[in-house]
Amino acid sequence: MTVVETGSSERVTGKRLLRREDPALLTGEAKYVDDIREQGALYMALLRSPLAHAKIVSIDVSAAKKMPGVTDVMSGRDLQSEWVAPMPCAWPVTQDMKNPPHFPLATDVVHYVGDAVAVVLASDKVAAVDALAAIDVNYEALPVVVDLEDAVSDRILVHPSLGTNKCFVWKVEPDNDKVDQAFASAAHVTKNRYVQQRLIPSALEPRGVIAIPHPYGGEYTLFSSTQIPHILKVMLSTTIGISEAKLRVIAPAVGGAFGSKLNVYAEEVLALALARKLGKPIRWTEERSENSLATIHGRGQLQEIELAADEKGRITAVRVNIIADMGGYLQLLTPGVPLLGGFLYHGLYDVPAYSFSCTGVFTNKTPTDAYRGAGRPEATYAIERSMDLLAKKVGVDPAEIRRRNFIPPEKFPYSSVPGLIFDSGSYLPTLEMALEKVGYQELRKEQERRRSGNSRKHLGVGISSYVEMCGLAPSKVLGSLRYSAGGWESATVRILPTSKVQVVTGTSPHGQGHETSWSMIVADRLGISPDDIEVLHSDTAIAPHGLDTYGSRSLAVGGSAVYLATERVLEKARLIAAHRLEVSVEDLQYKDGSFRVTGSPEKAFALSSVAFEAFTAHDLPEGVEPNLEATVSWDPPNFTFPFGTHIAVVEVDEETGATELLRYVSVDDVGNQINPMIVEGQIEGGIAQGVAQALYEEAIYDEFGNLLDTTFLEYLLPSAAEFPSFELASTVTPSPTNPLGVKGVGEAGCIASPPAVINAVVDALSVFGIDHIDMPASPQKVWTAIMSSQGNGRKVE
Amino acid sequence: MQITTVVNGKSFTKDVEPRTLLVHYIRDVLGLTGTNVGCDTSSCGACTILLNGESVKSCTVLAVQADGLELTTIEGMASESALHPIQKAFHDNHGLQCGYCTPGMIMATASFLKENPAPTEADVREGLEGNLCRCTGYHNIVKSVLAAAEAMEGAVK
């Protein structure tokens, strides 16, 4: 089933078209923020707190001001009059959510290591950084909250003025009596506690910003390494009080983001405010250690999940309680992240009773926010780990427990108990295909051979079936969730006089290849070559309307807007062609760049001719305006729900605790695929990021709130040597939610992979009676678990 | 102090501070911004260039140490009419997404393939472990390097 109408006899969509973005990136021609040279710019450097919680007694900037090359040095108090509003949080998840004051520079109290207290402006970067050391800050240390349960206890308060560390309690409780009854009458119950460790997103390009004032005209241009130039423009305007009409925000080439550049950061606000104050361009580029401290972190949850099931292992209820770490302040979407998982803790299983509660807490750590998957990897991990434990209790294979619980295809569109409508799905084929592809039965035999042969290298196989929700919409539903923005996306399609096409999109790609994919969508509909289509984006002066790129929304929402705008342009072109051919519009068929009269195909009018007619406007039909252009703002009726099954095969060395990922098979269904090459690239990258969470990465804090791994020497971003090649396959179940039949793909990989890997590690370790290992499953953690297991390091099975 | 370097075939004589890193000389003094900085600890390899034909992380070298040496940066790889075979292989195999690690990845590949013109997949994975990528999961980077090896071997024959 596909709803896409094509105007081409040879489809472009579905092909592995190479990316048009590549040549500039491959040759060094592409310009990231730090590559942009702006004459006379002052370099900004920020002094950051070395303490996690402290009163700022005094700040003396006088010595720093005298340093060579330094233009000015300012503390938070010096700049407090620059702000018309605090730093924005756009997702006040409950009416009574607590949101402490948060300004670009702390004025009285610092709340995490990395919280900025003063800013230096100097003629070059080295002078600016040198001057930081000359600023004298007198801190009075305050007690620190690091642990999440300690935070809940309110023993020490991060923000005493709030009276509690609890930011909010948010629940999805359709019928708690039904949940209680299900647990009371369950044949099997599992109850588990999982840690979602904090992660540092680690886009390879650090953040950067250049704010350029045009003092005589009163306008400002801001370049930022951001995913959200449009949202940023609105927020900067409301935070600093610069007219939105005088502010242009540009995201140039952006070197990865993964949610970490879906924010409004202190440095963006500061640079723009200082450009206004001094009338000079201000630039700043983040250092890696600053990125670790002052760019948002991801995850950070303590999860408690209970399943009730009948004798056969069919789940009758899911009950979840989580504590989510907000960090020291709320950033743009901080409190909303756990909500994005809150509806999905029953996974892709048909579950009649559901209860979810999340308590958001402040701690003296870097603020958290959306990181690739945002809420959904957490939910998927909890349910997929629990499924393996349930399988064990019931005494069936992990594959079988999933088969028994999948939402059956005849139930779609599926109304879930927590309140979603799953658009389309056919889950079982992804599981069976993945099992077949990995050679499941053979692997189980090999595992047994190793076990009986007393091998010290244990084979583990882990299954993870997942569904996720992405492409958040419609706007009305987002409003009901108290999200401050809409879920629409805008697109303009413009056929120029020479019949070349410009597409303007409100999405803001940073590695996803939108230029290539959007050109394919338009090429298919118009029956022209993608080479004749340019895609413009990420500059608010060129693309005035947009809601940017995050949450796997761009294709399903933005790509659909592009398709619909193309349709609308074609409707107008049809009016002009009919007029010139002196037939009615119903008599025209469009194919391969020409309108032809049905029954007399020799009577034709080319789109290129229509374009020129629309431009000269010499002979247009009555009531038709000049030019061929259409703009569509599309608000989808629902999210999309990609799904699939991933299987990881690992080898765990009992002597070292080291885990090696031997194979990784994935079968994903993201609906129709515009460019399978790009789809696979997204899945592969996502898998790697999820494997990294499962095995390597963790933002580690000590009891004083010091982040211990602030560089890539300590924070273990995996290299090529840590991975095998991935084995990908797909099924196609189109989404009825949008005209392209597509679903999101950006986050699927990292949603599915952490539980696949941990299930595999635990499967390998089950010979020791081990039934869980928290992420990351480091050699030390695994080895310690083996040594302290039931058999004290000996096999029990 | 004054240093002379031959960069992508062109000679430059410039004054630099003794503490200037080679990567900053390349980016800020010569204005060749294709070489990227991704970390401050020589971990990520985004700044990899060729120094007398061998790959180095240009953040681990002082500019003054490059005095009298030949440098090749990403800007020196493609000809006016065509991408270098390694660049082409990355393009053909979707070996890049955001592109930030790509210049370093390509320069590291150039050096790696000179040492090991016919690598196995495992060789490639080990050989490039000093270059980090956050987007691709390395799957297509490895494919690209293997394809480049094949293409360049072909060119020699």
# chains A, B, ... in the order shown; residues from 1 in each chain; ligands from 1
>>> closest_atom_pairs(of="chain A", to="chain B", cutoff="7 Å", atoms="only C-alpha atoms", output="JSON lines")
{"residue": "A:Leu18", "atom": "CA", "partner": "B:Asp92", "partner_atom": "CA", "distance": 6.5}
{"residue": "A:Asp22", "atom": "CA", "partner": "B:His91", "partner_atom": "CA", "distance": 6.2}
{"residue": "A:Leu25", "atom": "CA", "partner": "B:Gly99", "partner_atom": "CA", "distance": 5.3}
{"residue": "A:Leu26", "atom": "CA", "partner": "B:Gln87", "partner_atom": "CA", "distance": 6.0}
{"residue": "A:Thr27", "atom": "CA", "partner": "B:Glu75", "partner_atom": "CA", "distance": 5.7}
{"residue": "A:Gly28", "atom": "CA", "partner": "B:Gly34", "partner_atom": "CA", "distance": 3.7}
{"residue": "A:Glu29", "atom": "CA", "partner": "B:Gly34", "partner_atom": "CA", "distance": 6.5}
{"residue": "A:Asp35", "atom": "CA", "partner": "B:Thr33", "partner_atom": "CA", "distance": 5.5}
{"residue": "A:Ala203", "atom": "CA", "partner": "B:Arg134", "partner_atom": "CA", "distance": 6.3}
{"residue": "A:Leu204", "atom": "CA", "partner": "B:Gly38", "partner_atom": "CA", "distance": 5.4}
{"residue": "A:Glu205", "atom": "CA", "partner": "B:Gly38", "partner_atom": "CA", "distance": 5.6}
{"residue": "A:Pro206", "atom": "CA", "partner": "B:Gly38", "partner_atom": "CA", "distance": 6.5}
{"residue": "A:Val254", "atom": "CA", "partner": "B:Cys98", "partner_atom": "CA", "distance": 6.7}
{"residue": "A:Gly255", "atom": "CA", "partner": "B:Cys98", "partner_atom": "CA", "distance": 5.0}
{"residue": "A:Gly256", "atom": "CA", "partner": "B:Cys98", "partner_atom": "CA", "distance": 5.5}
{"residue": "A:Glu287", "atom": "CA", "partner": "B:Asp40", "partner_atom": "CA", "distance": 6.9}
{"residue": "A:Arg288", "atom": "CA", "partner": "B:Cys39", "partner_atom": "CA", "distance": 5.0}
{"residue": "A:His510", "atom": "CA", "partner": "B:Cys98", "partner_atom": "CA", "distance": 5.6}
{"residue": "A:Gly511", "atom": "CA", "partner": "B:Cys98", "partner_atom": "CA", "distance": 3.6}
{"residue": "A:Gln512", "atom": "CA", "partner": "B:Gln97", "partner_atom": "CA", "distance": 6.3}
{"residue": "A:Gly681", "atom": "CA", "partner": "B:Thr136", "partner_atom": "CA", "distance": 6.1}
{"residue": "A:Glu684", "atom": "CA", "partner": "B:Gly137", "partner_atom": "CA", "distance": 5.4}
{"residue": "A:Gly685", "atom": "CA", "partner": "B:Gly137", "partner_atom": "CA", "distance": 4.2}
{"residue": "A:Ala688", "atom": "CA", "partner": "B:Gly137", "partner_atom": "CA", "distance": 4.8}
{"residue": "A:Phe712", "atom": "CA", "partner": "B:Ser43", "partner_atom": "CA", "distance": 5.9}
{"residue": "A:Leu713", "atom": "CA", "partner": "B:Ser43", "partner_atom": "CA", "distance": 6.5}
{"residue": "A:Ser719", "atom": "CA", "partner": "B:Glu129", "partner_atom": "CA", "distance": 5.2}
{"residue": "A:Ala720", "atom": "CA", "partner": "B:Arg125", "partner_atom": "CA", "distance": 4.9}
{"residue": "A:Ala721", "atom": "CA", "partner": "B:Arg125", "partner_atom": "CA", "distance": 4.6}
{"residue": "A:Ser725", "atom": "CA", "partner": "B:His139", "partner_atom": "CA", "distance": 5.4}
{"residue": "A:Phe726", "atom": "CA", "partner": "B:His139", "partner_atom": "CA", "distance": 6.8}
>>> write_last_selection(atoms="C-alpha atoms", output="compact mmCIF listing (two decimals), in the first residue's frame")
# COMPACT_ATOMS: atom_id res chain seq x y z
CA LEU A 18 24.21 9.32 -3.49
CA ASP A 22 28.86 15.09 0.27
CA LEU A 25 31.91 17.93 3.22
CA LEU A 26 34.50 15.66 1.60
CA THR A 27 36.72 18.49 0.43
CA GLY A 28 36.69 20.87 3.37
CA GLU A 29 34.54 23.34 1.47
CA ASP A 35 35.16 28.06 10.04
CA ALA A 203 28.57 15.35 18.78
CA LEU A 204 31.98 15.50 17.17
CA GLU A 205 31.66 19.20 16.38
CA PRO A 206 31.61 21.13 19.65
CA VAL A 254 26.46 21.35 11.77
CA GLY A 255 28.73 18.54 12.86
CA GLY A 256 26.29 16.22 14.53
CA GLU A 287 36.17 23.13 24.09
CA ARG A 288 35.55 19.41 24.44
CA HIS A 510 22.89 18.24 10.36
CA GLY A 511 24.04 15.06 8.68
CA GLN A 512 20.74 13.40 7.76
CA GLY A 681 23.05 4.94 7.60
CA GLU A 684 23.76 1.92 11.74
CA GLY A 685 24.71 5.12 13.53
CA ALA A 688 26.43 2.13 17.46
CA PHE A 712 37.53 11.47 25.24
CA LEU A 713 40.46 10.07 27.20
CA SER A 719 36.00 3.50 17.68
CA ALA A 720 35.64 1.32 14.59
CA ALA A 721 37.62 -1.39 16.39
CA SER A 725 29.76 -4.72 10.49
CA PHE A 726 26.03 -4.65 11.08
>>> residues_around(residues="B:Glu115", least_positions_apart="3", cutoff="12 Å", atoms="only C-alpha atoms", output="ChimeraX atom specification")
/B:53-55,108-112,118-119,123-124,127,149
>>> atom_distance(atom1="atom CA of A:Ser289", atom2="atom CA of A:Thr711")
5.5 Å
>>> residues_around(residues="A:Ser475", least_positions_apart="2", cutoff="8 Å", atoms="only C-alpha atoms", output="ChimeraX atom specification")
/A:473,477-479,485-488,635
>>> select_by_dssp(residues="stretch 347-531 of chain A", states="helix (DSSP H, G or I)", output="PyMOL selection string")
chain A and resi 376-394+398-403+409-411+427-438+440-452+475-480+514-526+530-531
>>> residues_around(residues="A:Thr733", least_positions_apart="3", cutoff="9 Å", atoms="only C-alpha atoms", output="ChimeraX atom specification")
/A:1,424-426,642,669-672,741-742
>>> closest_residue(among="A:Ser517, A:Gln682, A:Thr659, A:Asn364", to="A:Val562", atoms="only C-alpha atoms")
A:Ser517
>>> decode(residues="stretch 496-517 of chain A", atoms="C-alpha atoms", output="PDB file, in the first residue's frame")
ATOM      1  CA  LEU A 496      11.653  29.296 -11.252  1.00  0.00           C
ATOM      2  CA  PRO A 497      11.208  30.902 -14.719  1.00  0.00           C
ATOM      3  CA  THR A 498      13.848  28.603 -16.213  1.00  0.00           C
ATOM      4  CA  SER A 499      11.984  25.643 -14.688  1.00  0.00           C
ATOM      5  CA  LYS A 500      14.589  24.896 -12.064  1.00  0.00           C
ATOM      6  CA  VAL A 501      13.028  24.192  -8.694  1.00  0.00           C
ATOM      7  CA  GLN A 502      13.743  25.608  -5.274  1.00  0.00           C
ATOM      8  CA  VAL A 503      12.504  23.768  -2.235  1.00  0.00           C
ATOM      9  CA  VAL A 504      12.525  25.614   1.062  1.00  0.00           C
ATOM     10  CA  THR A 505      12.153  23.461   4.144  1.00  0.00           C
ATOM     11  CA  GLY A 506      11.688  24.304   7.801  1.00  0.00           C
ATOM     12  CA  THR A 507      13.688  21.258   8.828  1.00  0.00           C
ATOM     13  CA  SER A 508      17.316  21.821   9.762  1.00  0.00           C
ATOM     14  CA  PRO A 509      19.531  18.894   8.769  1.00  0.00           C
ATOM     15  CA  HIS A 510      22.894  18.243  10.361  1.00  0.00           C
ATOM     16  CA  GLY A 511      24.044  15.064   8.678  1.00  0.00           C
ATOM     17  CA  GLN A 512      20.737  13.398   7.761  1.00  0.00           C
ATOM     18  CA  GLY A 513      20.850  14.231   4.047  1.00  0.00           C
ATOM     19  CA  HIS A 514      17.571  16.154   3.780  1.00  0.00           C
ATOM     20  CA  GLU A 515      18.762  17.979   0.667  1.00  0.00           C
ATOM     21  CA  THR A 516      19.095  14.673  -1.143  1.00  0.00           C
ATOM     22  CA  SER A 517      15.907  13.094   0.183  1.00  0.00           C
TER      23      SER A 517
END
